[in-house]
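A.B. asks: Input structure: upload_5.cif, which contains mmCIF, C-alpha atoms.
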```cif
data_model
loop_
_atom_site.group_PDB
_atom_site.id
_atom_site.type_symbol
_atom_site.label_atom_id
_atom_site.label_comp_id
_atom_site.auth_asym_id
_atom_site.auth_seq_id
_atom_site.Cartn_x
_atom_site.Cartn_y
_atom_site.Cartn_z
ATOM 1 C CA MET A 1 -49.421 -15.152 -7.005
ATOM 2 C CA SER A 2 -47.287 -12.001 -7.110
ATOM 3 C CA ILE A 3 -46.375 -10.368 -3.838
ATOM 4 C CA ARG A 4 -48.473 -7.313 -3.099
ATOM 5 C CA THR A 5 -46.366 -4.191 -2.593
ATOM 6 C CA GLU A 6 -46.233 -2.159 0.600
ATOM 7 C CA ALA A 7 -48.362 0.513 -1.064
ATOM 8 C CA GLU A 8 -50.985 -2.060 -2.043
ATOM 9 C CA MET A 9 -51.067 -3.560 1.444
ATOM 10 C CA MET A 10 -51.400 -0.186 3.138
ATOM 11 C CA GLU A 11 -54.200 0.803 0.758
ATOM 12 C CA LEU A 12 -55.984 -2.463 1.538
ATOM 13 C CA ILE A 13 -55.642 -1.981 5.296
ATOM 14 C CA LEU A 14 -56.809 1.625 5.245
ATOM 15 C CA ASN A 15 -59.652 1.106 2.763
ATOM 16 C CA PHE A 16 -61.199 -1.543 4.981
ATOM 17 C CA ALA A 17 -61.093 0.858 7.911
ATOM 18 C CA LYS A 18 -62.482 3.768 5.917
ATOM 19 C CA ASN A 19 -65.435 1.701 4.706
ATOM 20 C CA ASP A 20 -66.335 0.133 8.056
ATOM 21 C CA GLN A 21 -68.066 2.502 10.448
ATOM 22 C CA ARG A 22 -67.037 0.403 13.448
ATOM 23 C CA VAL A 23 -63.367 1.270 12.878
ATOM 24 C CA ARG A 24 -62.579 4.787 14.114
ATOM 25 C CA VAL A 25 -58.800 4.829 14.539
ATOM 26 C CA VAL A 26 -56.036 2.868 12.804
ATOM 27 C CA GLY A 27 -52.553 2.550 14.225
ATOM 28 C CA MET A 28 -49.392 0.731 13.206
ATOM 29 C CA GLU A 29 -46.549 -0.524 15.377
ATOM 30 C CA GLY A 30 -43.452 -2.652 14.958
ATOM 31 C CA SER A 31 -40.547 -2.658 12.549
ATOM 32 C CA ARG A 32 -42.370 -0.794 9.774
ATOM 33 C CA THR A 33 -42.521 2.284 12.006
ATOM 34 C CA ASN A 34 -38.856 1.984 13.001
ATOM 35 C CA ILE A 35 -36.506 3.897 10.716
ATOM 36 C CA ASN A 36 -33.580 1.931 12.165
ATOM 37 C CA ALA A 37 -34.996 -1.502 11.273
ATOM 38 C CA PRO A 38 -33.767 -3.151 8.057
ATOM 39 C CA LYS A 39 -36.464 -3.321 5.400
ATOM 40 C CA ASP A 40 -37.337 -6.611 3.711
ATOM 41 C CA ARG A 41 -40.300 -8.619 2.449
ATOM 42 C CA PHE A 42 -40.654 -10.533 5.711
ATOM 43 C CA GLN A 43 -41.665 -7.522 7.804
ATOM 44 C CA ASP A 44 -45.115 -7.881 9.324
ATOM 45 C CA TYR A 45 -47.816 -5.266 9.090
ATOM 46 C CA ASP A 46 -48.550 -4.718 12.784
ATOM 47 C CA ILE A 47 -51.928 -3.004 12.580
ATOM 48 C CA SER A 48 -54.436 -1.992 15.241
ATOM 49 C CA TYR A 49 -58.080 -1.146 14.593
ATOM 50 C CA LEU A 50 -59.779 0.742 17.414
ATOM 51 C CA VAL A 51 -63.418 -0.186 17.095
ATOM 52 C CA THR A 52 -66.820 0.592 18.554
ATOM 53 C CA ASP A 53 -68.108 -2.995 18.589
ATOM 54 C CA LEU A 54 -65.343 -5.542 18.969
ATOM 55 C CA GLU A 55 -67.641 -8.501 19.626
ATOM 56 C CA SER A 56 -69.340 -8.126 16.251
ATOM 57 C CA PHE A 57 -66.012 -8.829 14.530
ATOM 58 C CA LYS A 58 -65.456 -11.978 16.577
ATOM 59 C CA LYS A 59 -68.727 -13.627 15.523
ATOM 60 C CA ASP A 60 -67.091 -15.082 12.413
ATOM 61 C CA ASP A 61 -63.900 -14.774 10.377
ATOM 62 C CA VAL A 62 -65.482 -14.131 6.966
ATOM 63 C CA TRP A 63 -64.611 -10.433 7.032
ATOM 64 C CA LEU A 64 -60.923 -11.324 7.147
ATOM 65 C CA ASP A 65 -61.138 -12.738 3.607
ATOM 66 C CA TYR A 66 -61.018 -9.135 2.412
ATOM 67 C CA PHE A 67 -57.277 -9.072 3.125
ATOM 68 C CA GLY A 68 -56.507 -12.046 0.904
ATOM 69 C CA GLU A 69 -56.209 -15.812 0.821
ATOM 70 C CA ARG A 70 -54.557 -17.123 3.961
ATOM 71 C CA ILE A 71 -52.020 -19.911 4.347
ATOM 72 C CA ILE A 72 -52.595 -20.023 8.094
ATOM 73 C CA MET A 73 -54.041 -17.875 10.858
ATOM 74 C CA GLN A 74 -53.652 -17.807 14.608
ATOM 75 C CA LYS A 75 -55.990 -16.160 17.111
ATOM 76 C CA PRO A 76 -53.948 -16.137 20.344
ATOM 77 C CA GLU A 77 -56.756 -14.834 22.543
ATOM 78 C CA ALA A 78 -59.024 -17.707 21.446
ATOM 79 C CA MET A 79 -56.509 -20.469 22.194
ATOM 80 C CA SER A 80 -56.676 -22.777 25.217
ATOM 81 C CA LEU A 81 -53.031 -23.857 25.306
ATOM 82 C CA PHE A 82 -51.714 -20.313 25.737
ATOM 83 C CA PRO A 83 -53.362 -17.892 28.195
ATOM 84 C CA PRO A 84 -54.565 -14.575 26.691
ATOM 85 C CA GLN A 85 -52.227 -11.648 27.339
ATOM 86 C CA LEU A 86 -53.980 -8.683 25.733
ATOM 87 C CA GLY A 87 -56.824 -8.056 28.183
ATOM 88 C CA ASN A 88 -59.843 -6.804 26.214
ATOM 89 C CA TRP A 89 -57.910 -6.736 22.938
ATOM 90 C CA PHE A 90 -58.178 -9.458 20.305
ATOM 91 C CA SER A 91 -55.663 -10.327 17.613
ATOM 92 C CA TYR A 92 -55.513 -12.142 14.284
ATOM 93 C CA LEU A 93 -52.089 -13.237 13.034
ATOM 94 C CA MET A 94 -52.426 -13.914 9.312
ATOM 95 C CA LEU A 95 -49.956 -15.229 6.740
ATOM 96 C CA PHE A 96 -51.196 -14.837 3.164
ATOM 97 C CA THR A 97 -50.430 -16.898 0.072
ATOM 98 C CA ASP A 98 -48.378 -14.056 -1.435
ATOM 99 C CA GLY A 99 -46.057 -14.090 1.590
ATOM 100 C CA ASN A 100 -47.366 -10.932 3.222
ATOM 101 C CA ARG A 101 -48.344 -11.084 6.893
ATOM 102 C CA ILE A 102 -50.721 -8.905 8.891
ATOM 103 C CA ASP A 103 -50.828 -9.014 12.672
ATOM 104 C CA LEU A 104 -54.156 -7.299 13.255
ATOM 105 C CA LYS A 105 -55.357 -6.225 16.704
ATOM 106 C CA LEU A 106 -58.882 -5.155 17.521
ATOM 107 C CA ILE A 107 -59.043 -2.735 20.441
ATOM 108 C CA PRO A 108 -62.124 -1.214 22.110
ATOM 109 C CA LEU A 109 -62.299 2.462 21.208
ATOM 110 C CA ASP A 110 -62.585 3.457 24.854
ATOM 111 C CA GLU A 111 -59.080 2.061 25.401
ATOM 112 C CA LEU A 112 -57.521 4.494 22.930
ATOM 113 C CA ASN A 113 -55.344 6.185 25.562
ATOM 114 C CA LEU A 114 -54.116 2.817 26.782
ATOM 115 C CA TYR A 115 -53.220 1.888 23.221
ATOM 116 C CA LEU A 116 -51.380 5.154 22.558
ATOM 117 C CA SER A 117 -49.206 4.591 25.626
ATOM 118 C CA SER A 118 -48.611 0.888 24.971
ATOM 119 C CA ASP A 119 -45.700 1.189 22.539
ATOM 120 C CA LYS A 120 -43.288 3.957 21.578
ATOM 121 C CA LEU A 121 -42.954 2.455 18.076
ATOM 122 C CA LEU A 122 -46.477 3.530 17.176
ATOM 123 C CA THR A 123 -47.933 5.798 14.539
ATOM 124 C CA VAL A 124 -51.548 6.746 13.823
ATOM 125 C CA LEU A 125 -52.568 6.087 10.218
ATOM 126 C CA LEU A 126 -56.218 7.126 10.398
ATOM 127 C CA ASP A 127 -58.238 9.108 12.939
ATOM 128 C CA LYS A 128 -61.777 9.593 11.689
ATOM 129 C CA ASP A 129 -62.993 11.705 14.608
ATOM 130 C CA GLY A 130 -59.879 13.673 15.567
ATOM 131 C CA ARG A 131 -59.548 11.806 18.857
ATOM 132 C CA VAL A 132 -55.730 11.775 18.863
ATOM 133 C CA HIS A 133 -54.814 15.339 19.781
ATOM 134 C CA THR A 134 -51.035 14.780 19.834
ATOM 135 C CA PRO A 135 -50.063 12.094 17.313
ATOM 136 C CA PRO A 136 -47.165 9.986 18.614
ATOM 137 C CA ILE A 137 -43.799 10.075 16.870
ATOM 138 C CA PRO A 138 -42.375 6.545 16.590
ATOM 139 C CA THR A 139 -39.076 5.930 18.368
ATOM 140 C CA ASP A 140 -37.202 2.767 19.283
ATOM 141 C CA ARG A 141 -35.734 4.392 22.401
ATOM 142 C CA ASP A 142 -37.574 1.979 24.708
ATOM 143 C CA TYR A 143 -35.859 -0.907 22.929
ATOM 144 C CA HIS A 144 -32.322 0.413 23.353
ATOM 145 C CA VAL A 145 -29.934 -1.718 25.378
ATOM 146 C CA LYS A 146 -30.185 -0.414 28.948
ATOM 147 C CA ARG A 147 -27.237 0.142 31.256
ATOM 148 C CA PRO A 148 -27.400 -2.678 33.828
ATOM 149 C CA THR A 149 -27.579 -1.838 37.493
ATOM 150 C CA PRO A 150 -25.066 -3.583 39.792
ATOM 151 C CA GLU A 151 -27.925 -5.838 40.903
ATOM 152 C CA PHE A 152 -28.893 -6.775 37.338
ATOM 153 C CA PHE A 153 -25.287 -7.498 36.480
ATOM 154 C CA ASP A 154 -24.777 -9.677 39.548
ATOM 155 C CA ASP A 155 -28.064 -11.536 39.009
ATOM 156 C CA SER A 156 -27.119 -12.336 35.416
ATOM 157 C CA CYS A 157 -23.745 -13.684 36.497
ATOM 158 C CA ASN A 158 -25.323 -15.743 39.251
ATOM 159 C CA GLU A 159 -27.977 -17.225 36.985
ATOM 160 C CA PHE A 160 -25.413 -18.082 34.317
ATOM 161 C CA TRP A 161 -23.062 -19.944 36.624
ATOM 162 C CA TRP A 162 -25.760 -21.518 38.779
ATOM 163 C CA VAL A 163 -27.674 -23.020 35.857
ATOM 164 C CA SER A 164 -24.439 -24.160 34.209
ATOM 165 C CA THR A 165 -24.339 -26.835 36.917
ATOM 166 C CA TYR A 166 -27.762 -28.072 35.790
ATOM 167 C CA VAL A 167 -26.484 -28.465 32.242
ATOM 168 C CA ALA A 168 -23.536 -30.494 33.496
ATOM 169 C CA LYS A 169 -25.788 -32.630 35.690
ATOM 170 C CA GLY A 170 -27.963 -33.462 32.701
ATOM 171 C CA LEU A 171 -24.946 -34.333 30.591
ATOM 172 C CA CYS A 172 -23.498 -36.580 33.290
ATOM 173 C CA ARG A 173 -26.805 -38.465 33.303
ATOM 174 C CA ASN A 174 -26.941 -38.528 29.488
ATOM 175 C CA GLU A 175 -30.204 -36.575 29.725
ATOM 176 C CA ILE A 176 -29.522 -34.489 26.660
ATOM 177 C CA LEU A 177 -32.972 -32.870 26.418
ATOM 178 C CA TYR A 178 -32.773 -31.705 30.048
ATOM 179 C CA ALA A 179 -29.260 -30.367 29.486
ATOM 180 C CA ALA A 180 -30.248 -28.669 26.229
ATOM 181 C CA GLU A 181 -33.230 -26.938 27.807
ATOM 182 C CA HIS A 182 -31.120 -25.431 30.566
ATOM 183 C CA LEU A 183 -28.357 -24.416 28.167
ATOM 184 C CA ASN A 184 -30.732 -22.871 25.630
ATOM 185 C CA LEU A 185 -33.278 -21.256 27.957
ATOM 186 C CA TYR A 186 -31.099 -20.013 30.812
ATOM 187 C CA VAL A 187 -27.345 -20.189 30.243
ATOM 188 C CA ARG A 188 -27.020 -18.832 26.703
ATOM 189 C CA PRO A 189 -29.656 -16.076 27.171
ATOM 190 C CA ASN A 190 -27.514 -14.636 29.956
ATOM 191 C CA LEU A 191 -24.498 -14.769 27.664
ATOM 192 C CA LEU A 192 -26.495 -12.930 24.998
ATOM 193 C CA ARG A 193 -27.618 -10.367 27.567
ATOM 194 C CA MET A 194 -24.017 -9.787 28.623
ATOM 195 C CA LEU A 195 -22.910 -9.391 24.994
ATOM 196 C CA ALA A 196 -25.723 -6.879 24.487
ATOM 197 C CA TRP A 197 -24.502 -4.902 27.507
ATOM 198 C CA LYS A 198 -21.013 -4.902 25.983
ATOM 199 C CA VAL A 199 -22.427 -3.547 22.720
ATOM 200 C CA GLY A 200 -24.452 -0.998 24.660
ATOM 201 C CA LEU A 201 -21.366 0.188 26.500
ATOM 202 C CA GLU A 202 -19.426 0.584 23.272
ATOM 203 C CA ASN A 203 -22.237 2.603 21.689
ATOM 204 C CA GLY A 204 -23.368 4.781 24.557
ATOM 205 C CA PHE A 205 -26.499 2.687 25.164
ATOM 206 C CA SER A 206 -28.038 4.404 22.152
ATOM 207 C CA LEU A 207 -29.153 1.453 20.041
ATOM 208 C CA SER A 208 -31.252 -1.697 19.948
ATOM 209 C CA VAL A 209 -29.934 -5.156 19.151
ATOM 210 C CA GLY A 210 -33.430 -6.231 18.140
ATOM 211 C CA LYS A 211 -35.873 -8.845 19.303
ATOM 212 C CA SER A 212 -34.095 -12.101 20.173
ATOM 213 C CA TYR A 213 -30.789 -10.219 19.741
ATOM 214 C CA LYS A 214 -31.219 -10.526 15.963
ATOM 215 C CA TYR A 215 -28.966 -7.532 15.148
ATOM 216 C CA LEU A 216 -26.192 -8.521 17.545
ATOM 217 C CA ASP A 217 -23.923 -9.740 14.756
ATOM 218 C CA LYS A 218 -23.735 -6.195 13.378
ATOM 219 C CA TYR A 219 -21.859 -5.029 16.475
ATOM 220 C CA LEU A 220 -19.593 -7.978 17.302
ATOM 221 C CA SER A 221 -16.221 -8.777 15.812
ATOM 222 C CA ILE A 222 -16.083 -11.752 13.439
ATOM 223 C CA ASP A 223 -14.184 -13.694 16.093
ATOM 224 C CA LEU A 224 -16.756 -13.062 18.817
ATOM 225 C CA TRP A 225 -19.599 -13.885 16.463
ATOM 226 C CA ASP A 226 -18.005 -17.177 15.434
ATOM 227 C CA ARG A 227 -17.384 -18.075 19.066
ATOM 228 C CA LEU A 228 -21.006 -17.375 19.898
ATOM 229 C CA LEU A 229 -22.265 -19.511 17.006
ATOM 230 C CA ALA A 230 -20.058 -22.353 18.225
ATOM 231 C CA THR A 231 -22.179 -22.549 21.389
ATOM 232 C CA TYR A 232 -25.155 -23.696 19.296
ATOM 233 C CA ARG A 233 -23.533 -26.990 18.310
ATOM 234 C CA ASN A 234 -25.250 -29.321 20.724
ATOM 235 C CA SER A 235 -26.661 -32.370 18.955
ATOM 236 C CA SER A 236 -24.752 -34.759 21.237
ATOM 237 C CA CYS A 237 -23.575 -34.772 24.829
ATOM 238 C CA GLU A 238 -19.989 -34.318 23.730
ATOM 239 C CA GLU A 239 -20.878 -31.304 21.584
ATOM 240 C CA MET A 240 -22.930 -29.854 24.415
ATOM 241 C CA TRP A 241 -20.036 -30.103 26.861
ATOM 242 C CA GLN A 242 -17.927 -28.120 24.401
ATOM 243 C CA ALA A 243 -20.759 -25.641 23.868
ATOM 244 C CA LEU A 244 -21.075 -25.169 27.624
ATOM 245 C CA PHE A 245 -17.362 -24.533 28.015
ATOM 246 C CA ALA A 246 -17.428 -22.143 25.055
ATOM 247 C CA CYS A 247 -20.319 -20.262 26.689
ATOM 248 C CA GLN A 248 -18.406 -20.013 29.933
ATOM 249 C CA GLU A 249 -15.222 -18.727 28.325
ATOM 250 C CA LEU A 250 -17.099 -16.108 26.330
ATOM 251 C CA PHE A 251 -19.235 -15.103 29.316
ATOM 252 C CA ARG A 252 -16.195 -14.730 31.581
ATOM 253 C CA GLU A 253 -14.434 -12.534 29.041
ATOM 254 C CA THR A 254 -17.470 -10.382 28.290
ATOM 255 C CA ALA A 255 -18.709 -10.027 31.862
ATOM 256 C CA GLY A 256 -15.197 -9.153 33.022
ATOM 257 C CA TYR A 257 -15.083 -6.381 30.449
ATOM 258 C CA VAL A 258 -18.541 -5.071 31.421
ATOM 259 C CA ALA A 259 -17.618 -5.166 35.120
ATOM 260 C CA GLN A 260 -14.386 -3.273 34.514
ATOM 261 C CA MET A 261 -16.047 -0.603 32.380
ATOM 262 C CA LEU A 262 -18.894 -0.045 34.848
ATOM 263 C CA GLY A 263 -16.854 -0.362 38.011
ATOM 264 C CA TYR A 264 -18.684 -3.511 39.127
ATOM 265 C CA THR A 265 -17.275 -6.620 40.778
ATOM 266 C CA TYR A 266 -17.128 -9.831 38.804
ATOM 267 C CA PRO A 267 -17.995 -12.770 41.110
ATOM 268 C CA ASP A 268 -15.273 -15.128 42.296
ATOM 269 C CA TYR A 269 -17.528 -18.202 42.204
ATOM 270 C CA ASP A 270 -16.751 -18.424 38.476
ATOM 271 C CA GLY A 271 -13.514 -20.216 39.341
ATOM 272 C CA LYS A 272 -15.141 -22.593 41.799
ATOM 273 C CA VAL A 273 -17.936 -23.552 39.404
ATOM 274 C CA THR A 274 -15.489 -23.972 36.524
ATOM 275 C CA THR A 275 -13.301 -26.306 38.578
ATOM 276 C CA TYR A 276 -16.362 -28.313 39.619
ATOM 277 C CA LEU A 277 -17.631 -28.670 36.034
ATOM 278 C CA LYS A 278 -14.253 -29.621 34.608
ATOM 279 C CA LYS A 279 -13.991 -32.372 37.246
ATOM 280 C CA LEU A 280 -17.430 -33.683 36.215
ATOM 281 C CA PHE A 281 -16.327 -33.627 32.581
ATOM 282 C CA GLU A 282 -13.126 -35.525 33.333
ATOM 283 C CA ASP A 283 -14.947 -38.112 35.454
ATOM 284 C CA ARG A 284 -17.800 -38.695 32.953
ATOM 285 C CA THR A 285 -16.331 -41.932 31.545
ATOM 286 C CA GLN A 286 -15.122 -43.370 34.839
#
```
Can you turn what I pasted into structure tokens?
C.D. replies:
Amino acid sequence: MSIRTEAEMMELILNFAKNDQRVRVVGMEGSRTNINAPKDRFQDYDISYLVTDLESFKKDDVWLDYFGERIIMQKPEAMSLFPPQLGNWFSYLMLFTDGNRIDLKLIPLDELNLYLSSDKLLTVLLDKDGRVHTPPIPTDRDYHVKRPTPEFFDDSCNEFWWVSTYVAKGLCRNEILYAAEHLNLYVRPNLLRMLAWKVGLENGFSLSVGKSYKYLDKYLSIDLWDRLLATYRNSSCEEMWQALFACQELFRETAGYVAQMLGYTYPDYDGKVTTYLKKLFEDRTQ
């Protein structure tokens, strides 16, 4: 099956709305409204239908067949494992056999104002009744790297060095899954945050590094990028020790730079924690 073009997908999305009286407003959010986001075939169509009778849509999923044959669909608000997060809104995440994906939200029409204020990367595609008096202009300003306060900076440093000891504890016990979780979910994210602050500083806090820091490589030197990638080699305890030490070296360098540029104080417990961890590493075979 050939991949439907952006024009074909948008026509499909809007024609459904035009022909269904329950849909009164159509909005779009996400990367397709962001002029700074790279364009490719993997971009989702983040679409919102503001409707008069949401429950009637939820009775069955047959109406979704209009958008094409699906490979898989997820309905987050109908799942038991993950608690709903959208309040009265309901979403359908659909991947189609041609590779296109629509993330479709249904929103009660009386929550239009809430929707319009929910995301700065939002544009109105259809307004049947002229309800949107001042159409929003999409901007990614809310996603720009923010200048850290002294408290945010200190908290990030503290979390990084504190949880580093958990990684080492897991490695000393040969509990690699425990160590990996703490490295991947707590230690490295604070390194990524610090690198993002560095990039923000160097660019006047006027840009976004993307969800999950996906554009970070565009703003780092080749050396820094390679050093960051080296922290992801952690399929054994030995590799994870080296990844932890690589994280610490890169964090120390980056946080020191951020502290100097912002006039903050870099914490002295770095040295104490580093000494402690190196001793654990040296004693691991004794």
A.B. asks: Selection in question (the file shown): the PyMOL selection byres ((chain A and resi 170) around 12). Which residues does it include, as a ChimeraX atom specification?
C.D. replies: /A:163-169,171-183,236-237,240-241,244,277,280-281,284
A.B. asks: Give as an mmCIF file with C-alpha atoms, in the coordinates of the input the residues that the PyMOL selection byres ((chain A and resi 24) around 6) matches when applied to the coordinates above.
C.D. replies:
```
data_model
loop_
_atom_site.group_PDB
_atom_site.id
_atom_site.type_symbol
_atom_site.label_atom_id
_atom_site.label_comp_id
_atom_site.auth_asym_id
_atom_site.auth_seq_id
_atom_site.Cartn_x
_atom_site.Cartn_y
_atom_site.Cartn_z
ATOM 1 C CA VAL A 23 -63.367 1.270 12.878
ATOM 2 C CA VAL A 25 -58.800 4.829 14.539
ATOM 3 C CA LEU A 50 -59.779 0.742 17.414
ATOM 4 C CA VAL A 51 -63.418 -0.186 17.095
ATOM 5 C CA LYS A 128 -61.777 9.593 11.689
#
```
A.B. asks: Could you pull the residues within 8 Å of segment 254-268 of chain A, counting all atoms listed in the file, minus those fewer than 4 positions along the same chain, as a list in words?
C.D. replies: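 Selected residues are Pro150, Asp154, Cys157, Met194, Leu195, Trp197, Lys198, Leu201, Leu250 and Lys272 of chain A.
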A.B. asks: I need the output of the PyMOL selection byres ((chain A and resi 46) around 9) for this file as number ranges by chain; which residues are they?
C.D. replies: A: 27-32, 43-45, 47-48, 101-105
A.B. asks: Hey, can you check how far atom CA of Ala78 of chain A sits from atom CA of Leu122 of chain A?
C.D. replies: 25.0 Å
A.B. asks: For atom CA of Ile3 of chain A and atom CA of Pro76 of chain A, quote the distance in Å rounded to one decimal.
C.D. replies: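 Separation between atom CA of Ile3 of chain A and atom CA of Pro76 of chain A: 26.0 Å.
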A.B. asks: Just checking: using all atoms listed in the file, which residue out of A:Thr275, A:Thr123, A:Thr139, A:Ser56 ends up closest to Pro108 of chain A?
C.D. replies: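 So, comparing all the options, the nearest one is A:Ser56.
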A.B. asks: Excluding Met73 of chain A and any residue of its chain fewer than 2 positions from it, enumerate the residues within 8 Å of it, using all atoms listed in the file, and give them as a list in words.
C.D. replies: Arg70, Ile71, Lys75, Tyr92, Leu93, Met94 and Leu95 of chain A
A.B. asks: Just how far from atom CA of Trp162 of chain A is atom CA of Cys247 of chain A, in Å to one decimal?
C.D. replies: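 The value is 13.3 Å.
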A.B. asks: Could you check which of A:Tyr115, A:Tyr49, A:Tyr215, A:Tyr143 is closest to Lys18 of chain A, using only C-alpha atoms?
C.D. replies: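 Under the stated criterion, the closest residue is A:Tyr49.
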A.B. asks: Have a look at A:Val145, A:Glu77, A:Arg188, A:Asp53 and name the one nearest to Lys211 of chain A; count only C-alpha atoms.
C.D. replies: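 Looking at the shortest contact to Lys211 of chain A, the residue is A:Val145.
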A.B. asks: Using all atoms listed in the file, what residues lie at most 10 Å away from (-50.9, 5.8, 17.5) (file coordinates), given as a list in words?
C.D. replies: Val25, Val26, Gly27, Met28, Glu29, Ser48, Leu112, Asn113, Tyr115, Leu116, Ser117, Ser118, Asp119, Lys120, Leu121, Leu122, Thr123, Val124, Leu125, Leu126, Asp127, Val132, Thr134, Pro135, Pro136, Ile137 and Pro138 of chain A
A.B. asks: Using only C-alpha atoms, which of A:Ile72, A:Val62, A:Leu192, A:Leu229 sits nearest Gly210 of chain A?
C.D. replies: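 Ranked by minimum distance to Gly210 of chain A, first place goes to A:Leu192.
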A.B. asks: Can you sort out the box for segment 6-10 of chain A, edges along x, y and z, all listed atoms in, 3 Å on every side, with centre and edge lengths in Å to one decimal, as JSON?
C.D. replies:
```
{"center_x": -48.8, "center_y": -1.5, "center_z": 0.5, "size_x": 11.2, "size_y": 10.1, "size_z": 11.2}
```
A.B. asks: Could you tell me which of A:Ile35, A:Met79, A:Leu216, A:Ile222 comes closest to Arg141 of chain A if we count all atoms listed in the file?
C.D. replies: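 The closest residue to Arg141 of chain A is A:Ile35.
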A.B. asks: Residues near Asn88 of chain A, anyone? I mean within 9 Å using all atoms listed in the file, not counting same-chain ones fewer than 2 positions away, as a PyMOL selection string.
C.D. replies: chain A and resi 86+90+106-108+111
A.B. asks: Which is closer to Tyr66 of chain A than all the others in A:Val199, A:Arg233, A:Glu6, A:Leu14, using all atoms listed in the file?
C.D. replies: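 Answer, going by the shortest atom-to-atom distance: A:Leu14.
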A.B. asks: Would you kindly return, as a list in words, each protein, DNA or RNA residue with an atom no farther than 10 Å from any atom of Lys146 of chain A, considering all atoms listed in the file and excluding same-chain residues fewer than 4 positions away?
C.D. replies: Arg141, Asp142, Ala196, Trp197, Gly200, Leu201, Gly204, Phe205, Ser206, Leu207 and Ser208 of chain A
